[in-house]
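Below: data26.cif (mmCIF, C-alpha atoms, pLDDT in the B column; chains and numbers go by the auth columns)
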```
data_coords
loop_
_atom_site.group_PDB
_atom_site.id
_atom_site.type_symbol
_atom_site.label_atom_id
_atom_site.label_comp_id
_atom_site.label_asym_id
_atom_site.label_seq_id
_atom_site.Cartn_x
_atom_site.Cartn_y
_atom_site.Cartn_z
_atom_site.B_iso_or_equiv
_atom_site.auth_seq_id
_atom_site.auth_asym_id
ATOM 1 C CA MET A 1 -0.243 2.672 -4.181 92.00 30 A
ATOM 2 C CA PHE A 2 -3.039 4.556 -5.939 96.00 31 A
ATOM 3 C CA ARG A 3 -5.558 7.314 -5.265 96.00 32 A
ATOM 4 C CA LEU A 4 -8.950 6.368 -3.855 97.00 33 A
ATOM 5 C CA GLY A 5 -11.015 9.531 -3.875 95.00 34 A
ATOM 6 C CA GLY A 6 -8.868 11.816 -1.757 96.00 35 A
ATOM 7 C CA ALA A 7 -7.373 8.867 0.114 97.00 36 A
ATOM 8 C CA ARG A 8 -4.825 6.261 -0.942 97.00 37 A
ATOM 9 C CA ALA A 9 -4.951 2.497 -1.234 98.00 38 A
ATOM 10 C CA VAL A 10 -2.727 -0.492 -1.924 98.00 39 A
ATOM 11 C CA PHE A 11 -3.129 -4.237 -2.325 98.00 40 A
ATOM 12 C CA THR A 12 -0.206 -6.469 -1.412 98.00 41 A
ATOM 13 C CA ASN A 13 0.715 -9.815 -2.965 98.00 42 A
ATOM 14 C CA ARG A 14 2.668 -12.715 -1.501 97.00 43 A
ATOM 15 C CA THR A 15 6.207 -11.491 -2.248 97.00 44 A
ATOM 16 C CA GLY A 16 8.658 -9.414 -0.223 97.00 45 A
ATOM 17 C CA GLY A 17 8.297 -11.038 3.206 98.00 46 A
ATOM 18 C CA VAL A 18 10.103 -13.596 5.339 98.00 47 A
ATOM 19 C CA SER A 19 7.545 -16.368 5.816 98.00 48 A
ATOM 20 C CA GLN A 20 8.553 -19.855 4.726 98.00 49 A
ATOM 21 C CA ALA A 21 6.574 -22.321 2.603 97.00 50 A
ATOM 22 C CA PRO A 22 3.649 -22.804 2.376 97.00 51 A
ATOM 23 C CA TYR A 23 3.163 -19.215 3.585 98.00 52 A
ATOM 24 C CA ASN A 24 5.942 -17.709 1.515 97.00 53 A
ATOM 25 C CA SER A 25 6.518 -14.928 1.777 97.00 54 A
ATOM 26 C CA LEU A 26 4.511 -11.807 2.737 98.00 55 A
ATOM 27 C CA ASN A 27 1.791 -13.486 4.801 98.00 56 A
ATOM 28 C CA VAL A 28 -0.070 -11.015 7.050 98.00 57 A
ATOM 29 C CA GLY A 29 -2.264 -13.512 8.936 97.00 58 A
ATOM 30 C CA PHE A 30 -1.374 -14.729 12.418 97.00 59 A
ATOM 31 C CA HIS A 31 -4.223 -17.255 12.428 96.00 60 A
ATOM 32 C CA VAL A 32 -3.110 -19.505 9.571 97.00 61 A
ATOM 33 C CA GLY A 33 -0.304 -21.456 11.293 97.00 62 A
ATOM 34 C CA ASP A 34 2.661 -19.335 10.208 98.00 63 A
ATOM 35 C CA ASP A 35 5.547 -18.514 12.544 98.00 64 A
ATOM 36 C CA ARG A 36 4.416 -15.524 14.624 97.00 65 A
ATOM 37 C CA GLN A 37 7.771 -13.743 14.397 98.00 66 A
ATOM 38 C CA HIS A 38 7.685 -14.011 10.621 98.00 67 A
ATOM 39 C CA VAL A 39 4.251 -12.404 10.502 98.00 68 A
ATOM 40 C CA ILE A 40 5.404 -9.631 12.851 98.00 69 A
ATOM 41 C CA GLU A 41 8.331 -8.920 10.519 98.00 70 A
ATOM 42 C CA ASN A 42 6.028 -8.936 7.504 98.00 71 A
ATOM 43 C CA HIS A 43 3.787 -6.394 9.229 98.00 72 A
ATOM 44 C CA ARG A 44 6.827 -4.259 10.045 98.00 73 A
ATOM 45 C CA ARG A 45 7.919 -4.276 6.414 98.00 74 A
ATOM 46 C CA ILE A 46 4.478 -3.208 5.235 98.00 75 A
ATOM 47 C CA ASN A 47 4.305 -0.440 7.844 98.00 76 A
ATOM 48 C CA GLU A 48 7.720 0.812 6.768 98.00 77 A
ATOM 49 C CA ALA A 49 6.833 0.698 3.077 97.00 78 A
ATOM 50 C CA ILE A 50 3.636 2.745 3.435 97.00 79 A
ATOM 51 C CA GLY A 51 4.844 5.010 6.261 96.00 80 A
ATOM 52 C CA HIS A 52 1.946 4.139 8.570 96.00 81 A
ATOM 53 C CA ASP A 53 1.177 1.443 11.120 97.00 82 A
ATOM 54 C CA VAL A 54 -1.651 -0.778 9.903 98.00 83 A
ATOM 55 C CA VAL A 55 -4.564 -1.621 12.183 98.00 84 A
ATOM 56 C CA TRP A 56 -5.817 -5.126 11.430 98.00 85 A
ATOM 57 C CA MET A 57 -9.092 -6.877 12.141 97.00 86 A
ATOM 58 C CA LYS A 58 -9.911 -10.213 13.758 96.00 87 A
ATOM 59 C CA GLN A 59 -12.185 -11.337 10.928 96.00 88 A
ATOM 60 C CA THR A 60 -14.952 -13.878 11.491 95.00 89 A
ATOM 61 C CA HIS A 61 -17.103 -13.647 8.312 95.00 90 A
ATOM 62 C CA SER A 62 -19.613 -11.475 10.173 96.00 91 A
ATOM 63 C CA ASN A 63 -21.374 -8.289 9.066 96.00 92 A
ATOM 64 C CA ARG A 64 -19.896 -6.314 11.973 97.00 93 A
ATOM 65 C CA VAL A 65 -18.438 -2.924 11.034 98.00 94 A
ATOM 66 C CA THR A 66 -16.910 -0.650 13.646 97.00 95 A
ATOM 67 C CA MET A 67 -15.410 2.827 13.860 97.00 96 A
ATOM 68 C CA LEU A 68 -11.741 2.961 14.823 96.00 97 A
ATOM 69 C CA GLN A 69 -11.286 5.210 17.844 94.00 98 A
ATOM 70 C CA PRO A 70 -8.086 7.012 18.862 95.00 99 A
ATOM 71 C CA GLY A 71 -6.352 5.055 21.603 90.00 100 A
ATOM 72 C CA HIS A 72 -7.638 1.706 20.324 88.00 101 A
ATOM 73 C CA THR A 73 -5.182 0.995 17.532 91.00 102 A
ATOM 74 C CA ASP A 74 -2.754 -1.456 19.178 88.00 103 A
ATOM 75 C CA GLY A 75 -4.540 -4.779 18.767 81.00 104 A
ATOM 76 C CA PRO A 76 -6.711 -6.419 16.127 90.00 105 A
ATOM 77 C CA ILE A 77 -10.308 -5.176 16.128 94.00 106 A
ATOM 78 C CA SER A 78 -13.009 -7.840 16.229 96.00 107 A
ATOM 79 C CA ALA A 79 -14.911 -6.933 13.065 97.00 108 A
ATOM 80 C CA ASP A 80 -15.095 -7.549 9.331 98.00 109 A
ATOM 81 C CA GLY A 81 -15.264 -3.884 8.481 98.00 110 A
ATOM 82 C CA LEU A 82 -13.291 -0.987 9.910 98.00 111 A
ATOM 83 C CA VAL A 83 -13.945 2.738 9.371 98.00 112 A
ATOM 84 C CA MET A 84 -11.691 5.638 10.349 97.00 113 A
ATOM 85 C CA ASP A 85 -12.184 9.404 10.372 96.00 114 A
ATOM 86 C CA ALA A 86 -8.771 11.076 10.252 95.00 115 A
ATOM 87 C CA ARG A 87 -10.168 14.217 11.859 93.00 116 A
ATOM 88 C CA ALA A 88 -10.642 12.428 15.192 93.00 117 A
ATOM 89 C CA PHE A 89 -6.920 11.637 15.239 94.00 118 A
ATOM 90 C CA TYR A 90 -5.915 15.074 13.964 92.00 119 A
ATOM 91 C CA LYS A 91 -7.748 16.861 16.777 91.00 120 A
ATOM 92 C CA LEU A 92 -5.694 14.904 19.312 94.00 121 A
ATOM 93 C CA GLY A 93 -2.410 15.386 17.482 92.00 122 A
ATOM 94 C CA LEU A 94 -2.081 11.657 16.792 93.00 123 A
ATOM 95 C CA THR A 95 -0.335 9.976 13.882 92.00 124 A
ATOM 96 C CA LEU A 96 -2.764 8.442 11.428 95.00 125 A
ATOM 97 C CA PRO A 97 -2.831 4.650 11.202 97.00 126 A
ATOM 98 C CA ALA A 98 -3.827 2.754 8.078 98.00 127 A
ATOM 99 C CA LEU A 99 -6.650 0.210 7.880 98.00 128 A
ATOM 100 C CA GLY A 100 -5.993 -3.344 6.699 98.00 129 A
ATOM 101 C CA VAL A 101 -8.141 -6.254 5.562 98.00 130 A
ATOM 102 C CA MET A 102 -6.771 -9.799 5.090 98.00 131 A
ATOM 103 C CA VAL A 103 -7.986 -12.151 2.365 98.00 132 A
ATOM 104 C CA ALA A 104 -7.130 -15.305 0.447 98.00 133 A
ATOM 105 C CA ASP A 105 -10.153 -15.546 -1.923 98.00 134 A
ATOM 106 C CA CYS A 106 -12.736 -13.193 -0.372 98.00 135 A
ATOM 107 C CA VAL A 107 -13.133 -9.665 -1.705 98.00 136 A
ATOM 108 C CA PRO A 108 -10.960 -6.964 -0.067 98.00 137 A
ATOM 109 C CA LEU A 109 -13.037 -3.791 -0.331 98.00 138 A
ATOM 110 C CA LEU A 110 -11.474 -0.395 0.347 98.00 139 A
ATOM 111 C CA LEU A 111 -13.439 2.856 0.553 98.00 140 A
ATOM 112 C CA GLY A 112 -12.218 6.452 0.587 98.00 141 A
ATOM 113 C CA SER A 113 -14.120 9.714 0.785 97.00 142 A
ATOM 114 C CA LYS A 114 -13.682 12.423 -1.831 96.00 143 A
ATOM 115 C CA ASN A 115 -11.762 14.604 0.620 94.00 144 A
ATOM 116 C CA GLY A 116 -9.733 11.605 1.814 95.00 145 A
ATOM 117 C CA HIS A 117 -10.447 12.121 5.500 95.00 146 A
ATOM 118 C CA VAL A 118 -12.571 8.997 5.912 97.00 147 A
ATOM 119 C CA VAL A 119 -11.574 5.490 4.842 98.00 148 A
ATOM 120 C CA ALA A 120 -12.832 1.956 5.338 98.00 149 A
ATOM 121 C CA ALA A 121 -11.507 -1.563 4.895 98.00 150 A
ATOM 122 C CA VAL A 122 -14.045 -4.349 4.492 98.00 151 A
ATOM 123 C CA HIS A 123 -13.757 -8.142 4.369 98.00 152 A
ATOM 124 C CA ALA A 124 -16.489 -9.143 1.914 98.00 153 A
ATOM 125 C CA GLY A 125 -16.713 -12.919 1.851 96.00 154 A
ATOM 126 C CA ARG A 126 -19.646 -15.093 0.862 96.00 155 A
ATOM 127 C CA SER A 127 -21.306 -14.893 4.282 96.00 156 A
ATOM 128 C CA GLY A 128 -20.745 -11.163 4.689 97.00 157 A
ATOM 129 C CA ILE A 129 -22.112 -10.378 1.249 97.00 158 A
ATOM 130 C CA VAL A 130 -25.327 -12.256 2.063 97.00 159 A
ATOM 131 C CA THR A 131 -25.736 -10.757 5.552 97.00 160 A
ATOM 132 C CA GLY A 132 -25.001 -7.206 4.445 97.00 161 A
ATOM 133 C CA ILE A 133 -21.405 -6.280 5.256 98.00 162 A
ATOM 134 C CA VAL A 134 -21.351 -3.722 2.421 98.00 163 A
ATOM 135 C CA ARG A 135 -24.663 -2.213 3.564 97.00 164 A
ATOM 136 C CA GLU A 136 -23.441 -2.016 7.172 98.00 165 A
ATOM 137 C CA ALA A 137 -20.235 -0.256 6.140 98.00 166 A
ATOM 138 C CA LEU A 138 -22.143 2.328 4.112 98.00 167 A
ATOM 139 C CA PHE A 139 -24.628 2.820 6.948 97.00 168 A
ATOM 140 C CA LEU A 140 -21.859 3.532 9.465 97.00 169 A
ATOM 141 C CA LEU A 141 -20.209 5.932 7.056 97.00 170 A
ATOM 142 C CA ARG A 142 -23.511 7.738 6.524 96.00 171 A
ATOM 143 C CA GLN A 143 -23.936 8.018 10.299 93.00 172 A
ATOM 144 C CA HIS A 144 -20.636 9.889 10.346 90.00 173 A
ATOM 145 C CA GLY A 145 -21.634 12.286 7.597 93.00 174 A
ATOM 146 C CA ILE A 146 -20.274 10.496 4.539 95.00 175 A
ATOM 147 C CA ALA A 147 -22.943 9.715 1.954 96.00 176 A
ATOM 148 C CA ALA A 148 -22.456 6.948 -0.603 97.00 177 A
ATOM 149 C CA SER A 149 -22.185 9.570 -3.340 97.00 178 A
ATOM 150 C CA GLN A 150 -19.056 10.927 -1.612 97.00 179 A
ATOM 151 C CA LEU A 151 -17.274 7.569 -1.652 98.00 180 A
ATOM 152 C CA HIS A 152 -14.850 5.885 -4.009 98.00 181 A
ATOM 153 C CA ALA A 153 -14.358 2.114 -3.851 98.00 182 A
ATOM 154 C CA ALA A 154 -11.514 -0.203 -4.798 98.00 183 A
ATOM 155 C CA ILE A 155 -12.127 -3.932 -5.278 98.00 184 A
ATOM 156 C CA GLY A 156 -9.007 -6.009 -4.785 98.00 185 A
ATOM 157 C CA PRO A 157 -8.083 -9.454 -6.138 98.00 186 A
ATOM 158 C CA SER A 158 -10.461 -12.287 -5.244 98.00 187 A
ATOM 159 C CA ILE A 159 -11.516 -15.666 -6.552 98.00 188 A
ATOM 160 C CA CYS A 160 -13.430 -15.282 -9.803 98.00 189 A
ATOM 161 C CA GLY A 161 -16.840 -16.715 -10.598 98.00 190 A
ATOM 162 C CA LYS A 162 -15.361 -19.233 -13.022 98.00 191 A
ATOM 163 C CA CYS A 163 -13.204 -20.745 -10.257 98.00 192 A
ATOM 164 C CA TYR A 164 -15.439 -20.515 -7.181 98.00 193 A
ATOM 165 C CA GLU A 165 -17.370 -23.776 -7.315 98.00 194 A
ATOM 166 C CA VAL A 166 -20.148 -24.375 -4.757 97.00 195 A
ATOM 167 C CA SER A 167 -22.941 -26.866 -4.217 97.00 196 A
ATOM 168 C CA HIS A 168 -26.266 -26.423 -5.977 97.00 197 A
ATOM 169 C CA GLU A 169 -27.932 -25.718 -2.617 97.00 198 A
ATOM 170 C CA LEU A 170 -25.413 -23.053 -1.621 97.00 199 A
ATOM 171 C CA HIS A 171 -25.611 -21.483 -5.064 98.00 200 A
ATOM 172 C CA GLN A 172 -29.382 -21.188 -4.766 97.00 201 A
ATOM 173 C CA PHE A 173 -29.161 -19.759 -1.254 97.00 202 A
ATOM 174 C CA VAL A 174 -26.596 -17.071 -2.045 97.00 203 A
ATOM 175 C CA THR A 175 -28.061 -15.996 -5.375 97.00 204 A
ATOM 176 C CA SER A 176 -31.569 -15.795 -3.909 97.00 205 A
ATOM 177 C CA HIS A 177 -30.204 -13.065 -1.623 96.00 206 A
ATOM 178 C CA VAL A 178 -27.681 -11.532 -4.039 97.00 207 A
ATOM 179 C CA PRO A 179 -28.594 -12.283 -7.675 97.00 208 A
ATOM 180 C CA ALA A 180 -25.444 -10.569 -8.971 97.00 209 A
ATOM 181 C CA ALA A 181 -23.382 -13.391 -7.426 98.00 210 A
ATOM 182 C CA TRP A 182 -24.739 -15.896 -9.989 98.00 211 A
ATOM 183 C CA SER A 183 -22.067 -17.647 -12.005 98.00 212 A
ATOM 184 C CA ARG A 184 -21.102 -20.879 -13.703 98.00 213 A
ATOM 185 C CA THR A 185 -17.595 -22.245 -13.312 98.00 214 A
ATOM 186 C CA ARG A 186 -15.318 -23.112 -16.207 96.00 215 A
ATOM 187 C CA TRP A 187 -16.336 -26.733 -15.549 95.00 216 A
ATOM 188 C CA GLY A 188 -20.039 -25.940 -15.979 96.00 217 A
ATOM 189 C CA SER A 189 -20.922 -26.360 -12.310 98.00 218 A
ATOM 190 C CA PRO A 190 -22.644 -23.807 -10.003 98.00 219 A
ATOM 191 C CA GLY A 191 -20.349 -20.921 -9.090 98.00 220 A
ATOM 192 C CA LEU A 192 -20.369 -17.645 -7.187 98.00 221 A
ATOM 193 C CA ASP A 193 -18.998 -14.334 -8.414 98.00 222 A
ATOM 194 C CA LEU A 194 -18.263 -12.427 -5.202 98.00 223 A
ATOM 195 C CA ARG A 195 -16.605 -9.571 -7.064 98.00 224 A
ATOM 196 C CA SER A 196 -19.693 -8.860 -9.156 98.00 225 A
ATOM 197 C CA ALA A 197 -21.883 -9.125 -6.067 98.00 226 A
ATOM 198 C CA VAL A 198 -19.888 -6.461 -4.223 98.00 227 A
ATOM 199 C CA VAL A 199 -19.713 -4.176 -7.261 98.00 228 A
ATOM 200 C CA SER A 200 -23.481 -4.462 -7.731 97.00 229 A
ATOM 201 C CA GLN A 201 -24.202 -3.587 -4.098 97.00 230 A
ATOM 202 C CA LEU A 202 -21.911 -0.567 -4.257 98.00 231 A
ATOM 203 C CA GLN A 203 -23.324 0.741 -7.517 97.00 232 A
ATOM 204 C CA VAL A 204 -26.928 0.364 -6.365 97.00 233 A
ATOM 205 C CA ALA A 205 -26.027 2.399 -3.273 97.00 234 A
ATOM 206 C CA GLY A 206 -24.482 5.161 -5.395 97.00 235 A
ATOM 207 C CA VAL A 207 -20.785 4.570 -4.630 98.00 236 A
ATOM 208 C CA THR A 208 -18.264 5.351 -7.373 98.00 237 A
ATOM 209 C CA VAL A 209 -16.319 2.160 -8.070 98.00 238 A
ATOM 210 C CA SER A 210 -12.929 3.501 -9.117 97.00 239 A
ATOM 211 C CA PHE A 211 -10.911 0.294 -9.299 97.00 240 A
ATOM 212 C CA ILE A 212 -11.772 -3.359 -9.900 98.00 241 A
ATOM 213 C CA SER A 213 -8.935 -5.868 -9.956 98.00 242 A
ATOM 214 C CA LYS A 214 -9.228 -8.541 -12.639 96.00 243 A
ATOM 215 C CA ARG A 215 -6.819 -10.878 -10.861 98.00 244 A
ATOM 216 C CA CYS A 216 -8.219 -14.190 -9.650 98.00 245 A
ATOM 217 C CA THR A 217 -6.615 -15.537 -6.491 98.00 246 A
ATOM 218 C CA TYR A 218 -7.208 -19.145 -7.547 98.00 247 A
ATOM 219 C CA GLU A 219 -5.437 -18.644 -10.888 98.00 248 A
ATOM 220 C CA ASP A 220 -2.682 -16.228 -9.834 98.00 249 A
ATOM 221 C CA HIS A 221 0.047 -17.977 -7.842 97.00 250 A
ATOM 222 C CA ASN A 222 1.466 -14.608 -6.811 98.00 251 A
ATOM 223 C CA LEU A 223 -1.582 -14.332 -4.546 98.00 252 A
ATOM 224 C CA TYR A 224 -2.764 -16.496 -1.676 98.00 253 A
ATOM 225 C CA SER A 225 -5.792 -18.715 -2.282 98.00 254 A
ATOM 226 C CA TYR A 226 -7.448 -20.843 0.377 98.00 255 A
ATOM 227 C CA ARG A 227 -9.521 -22.641 -2.269 97.00 256 A
ATOM 228 C CA ARG A 228 -6.407 -23.595 -4.206 97.00 257 A
ATOM 229 C CA ASP A 229 -3.979 -24.432 -1.392 97.00 258 A
ATOM 230 C CA THR A 230 -5.990 -24.734 1.885 96.00 259 A
ATOM 231 C CA THR A 231 -2.875 -24.188 4.028 97.00 260 A
ATOM 232 C CA THR A 232 -1.752 -20.756 2.935 98.00 261 A
ATOM 233 C CA GLY A 233 -1.233 -17.147 3.974 98.00 262 A
ATOM 234 C CA ARG A 234 -3.221 -13.961 3.553 98.00 263 A
ATOM 235 C CA PHE A 235 -2.530 -10.860 1.473 98.00 264 A
ATOM 236 C CA ALA A 236 -3.916 -7.435 2.297 98.00 265 A
ATOM 237 C CA GLY A 237 -5.897 -4.463 1.159 98.00 266 A
ATOM 238 C CA ILE A 238 -4.803 -1.270 2.929 98.00 267 A
ATOM 239 C CA ALA A 239 -6.515 2.124 3.007 98.00 268 A
ATOM 240 C CA LEU A 240 -4.750 5.336 4.067 97.00 269 A
ATOM 241 C CA ALA A 241 -6.609 8.517 4.927 97.00 270 A
ATOM 242 C CA THR A 242 -5.396 12.018 4.161 93.00 271 A
ATOM 243 C CA GLN A 243 -4.327 14.225 7.069 81.00 272 A
ATOM 244 C CA PRO A 244 -6.778 17.146 7.380 78.00 273 A
ATOM 245 C CA LEU A 245 -5.270 20.581 6.957 65.00 274 A
ATOM 246 C CA GLN A 246 -7.578 22.069 9.563 51.00 275 A
ATOM 247 C CA GLU A 247 -9.932 20.749 12.223 44.00 276 A
ATOM 248 C CA ASN A 248 -13.079 21.462 10.261 41.00 277 A
ATOM 249 C CA GLY A 249 -11.580 20.003 7.089 38.00 278 A
#
```
Do you think you could lay out the structure here as structure tokens?
Amino acid sequence: MFRLGGARAVFTNRTGGVSQAPYNSLNVGFHVGDDRQHVIENHRRINEAIGHDVVWMKQTHSNRVTMLQPGHTDGPISADGLVMDARAFYKLGLTLPALGVMVADCVPLLLGSKNGHVVAAVHAGRSGIVTGIVREALFLLRQHGIAASQLHAAIGPSICGKCYEVSHELHQFVTSHVPAAWSRTRWGSPGLDLRSAVVSQLQVAGVTVSFISKRCTYEDHNLYSYRRDTTTGRFAGIALATQPLQENG
């Protein structure tokens, strides 16, 4: 776990859980065909390790970002971006949850404010990057008083541009919207660099990018990769807010 502005963040890998092959072992996704009880136990282990219950999203490659409200933390939230203000929970005397994003090649983006009271978890895949998932997350944060200049970002492991091969048509479409996604694969074919695309969008907006993982999910077998294995699990990016010391903190 590491500092993210005044908040904290962590990225899991695929070890330390109970799931069996091909999901072995710390799969966090219910939707991939894994045994449900194994996923529940994996979630429990993560919650215990970080000391907070994680709120997950039902991700659909959309650009939908929503604010987590007290009293709505039990089930997965239908969104690809989730924002939380710890002060809303503090005022009601509630324990702070953590925010989780599941990936297996897409970019797990975590955001934390300088004071640590506001965090976000964002699923930044190819579709979301084109349709503005990063922009929507920053817009919602700004609506709640957190400017881009107050944010720190962490970019977790994702498939690299040298391994993410796409058709010529898809390459043209994505890069016409997000030029920073342009890449060539190690085989010389059209590729997409989702990591660079997200970093570029954050930097243009004025966000401080504090951490960028260099790990490629396709190359690193300690991480899940849909492109590499097709039937596989999901690892997580998790953001934890800081408990305010006073209501106006």
May I ask which of the residues A:Gly110, A:Gly122, A:Pro186, A:Gly100 is the closest one to A:Tyr253, counting only C-alpha atoms?
->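 Answer, going by the shortest atom-to-atom distance: A:Pro186.
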Handout entry: Pick from A:Ala50, A:Met30, A:Val207, A:Val151, whichever lies nearest to A:Thr95 using only C-alpha atoms
Key =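 Result for the nearest residue to A:Thr95: A:Val151.
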Q.
Expand the PyMOL selection byres ((chain A and resi 107) around 8) into the explicit residue set it covers here, and present it as a list in words.
A.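 Those residues are Met86, Lys87, Gln88, Thr89, Pro105, Ile106, Ala108 and Asp109 of chain A.
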- Query: Care to translate the PyMOL selection byres ((chain A and resi 45) around 7) into actual residues of this file, as number ranges by chain?
  - Reply: A: 43-44, 46, 54-55
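Note that atom CA of A:Thr261 and atom CA of A:Ala149 are 25.4 Å apart.
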- Message: Can you translate the PyMOL selection byres ((chain A and resi 232) around 12) into the concrete residues it hits in this file, as a ChimeraX atom specification?
- Response: /A:163-164,167,177-178,180-182,209,225-231,233-239
**Surrounding residues of A:Leu221 excluding itself and chain neighbours under 2 positions, 9 Å, all atoms listed in the file, as a ChimeraX atom specification** = /A:155,189-195,200,203-204,209-214,219,223-224,226
I need the chosen residues saved as a compact mmCIF listing (two decimals), keeping the file's coordinate frame, with C-alpha atoms.
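And here is the file that came out, result-v3.txt:
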```
# COMPACT_ATOMS: atom_id res chain seq x y z
CA ARG A 155 -19.65 -15.09 0.86
CA CYS A 189 -13.43 -15.28 -9.80
CA GLY A 190 -16.84 -16.72 -10.60
CA LYS A 191 -15.36 -19.23 -13.02
CA CYS A 192 -13.20 -20.74 -10.26
CA TYR A 193 -15.44 -20.52 -7.18
CA GLU A 194 -17.37 -23.78 -7.32
CA VAL A 195 -20.15 -24.38 -4.76
CA HIS A 200 -25.61 -21.48 -5.06
CA VAL A 203 -26.60 -17.07 -2.04
CA THR A 204 -28.06 -16.00 -5.38
CA ALA A 209 -25.44 -10.57 -8.97
CA ALA A 210 -23.38 -13.39 -7.43
CA TRP A 211 -24.74 -15.90 -9.99
CA SER A 212 -22.07 -17.65 -12.00
CA ARG A 213 -21.10 -20.88 -13.70
CA THR A 214 -17.60 -22.24 -13.31
CA PRO A 219 -22.64 -23.81 -10.00
CA LEU A 223 -18.26 -12.43 -5.20
CA ARG A 224 -16.60 -9.57 -7.06
CA ALA A 226 -21.88 -9.12 -6.07
```
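The protein and nucleic acid residues lying at most 12 Å from A:Asp103 are Asp82, Val83, Val84, Trp85, Met86, Leu97, Gln98, Pro99, Pro126 and Ala127 of chain A, with all atoms listed in the file considered and sequence neighbours fewer than 4 positions away removed.
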Query - Nearest residue to A:Leu252 from the set A:Glu77, A:Asp222, A:Asp64, A:Asp134 (distances using all atoms listed in the file) - result: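 Among the listed residues, the smallest separation from A:Leu252 belongs to A:Asp134.
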Exercise. Rounded to one decimal place, report the atom CA of A:His197-atom CA of A:Ser218 distance in Å.
Key: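 We find that atom CA of A:His197 and atom CA of A:Ser218 lie 8.3 Å from each other.
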Using only C-alpha atoms, the residue out of A:Ala268, A:Val47, A:Ile158, A:Val94 with shortest distance to A:Asn71 is A:Val47
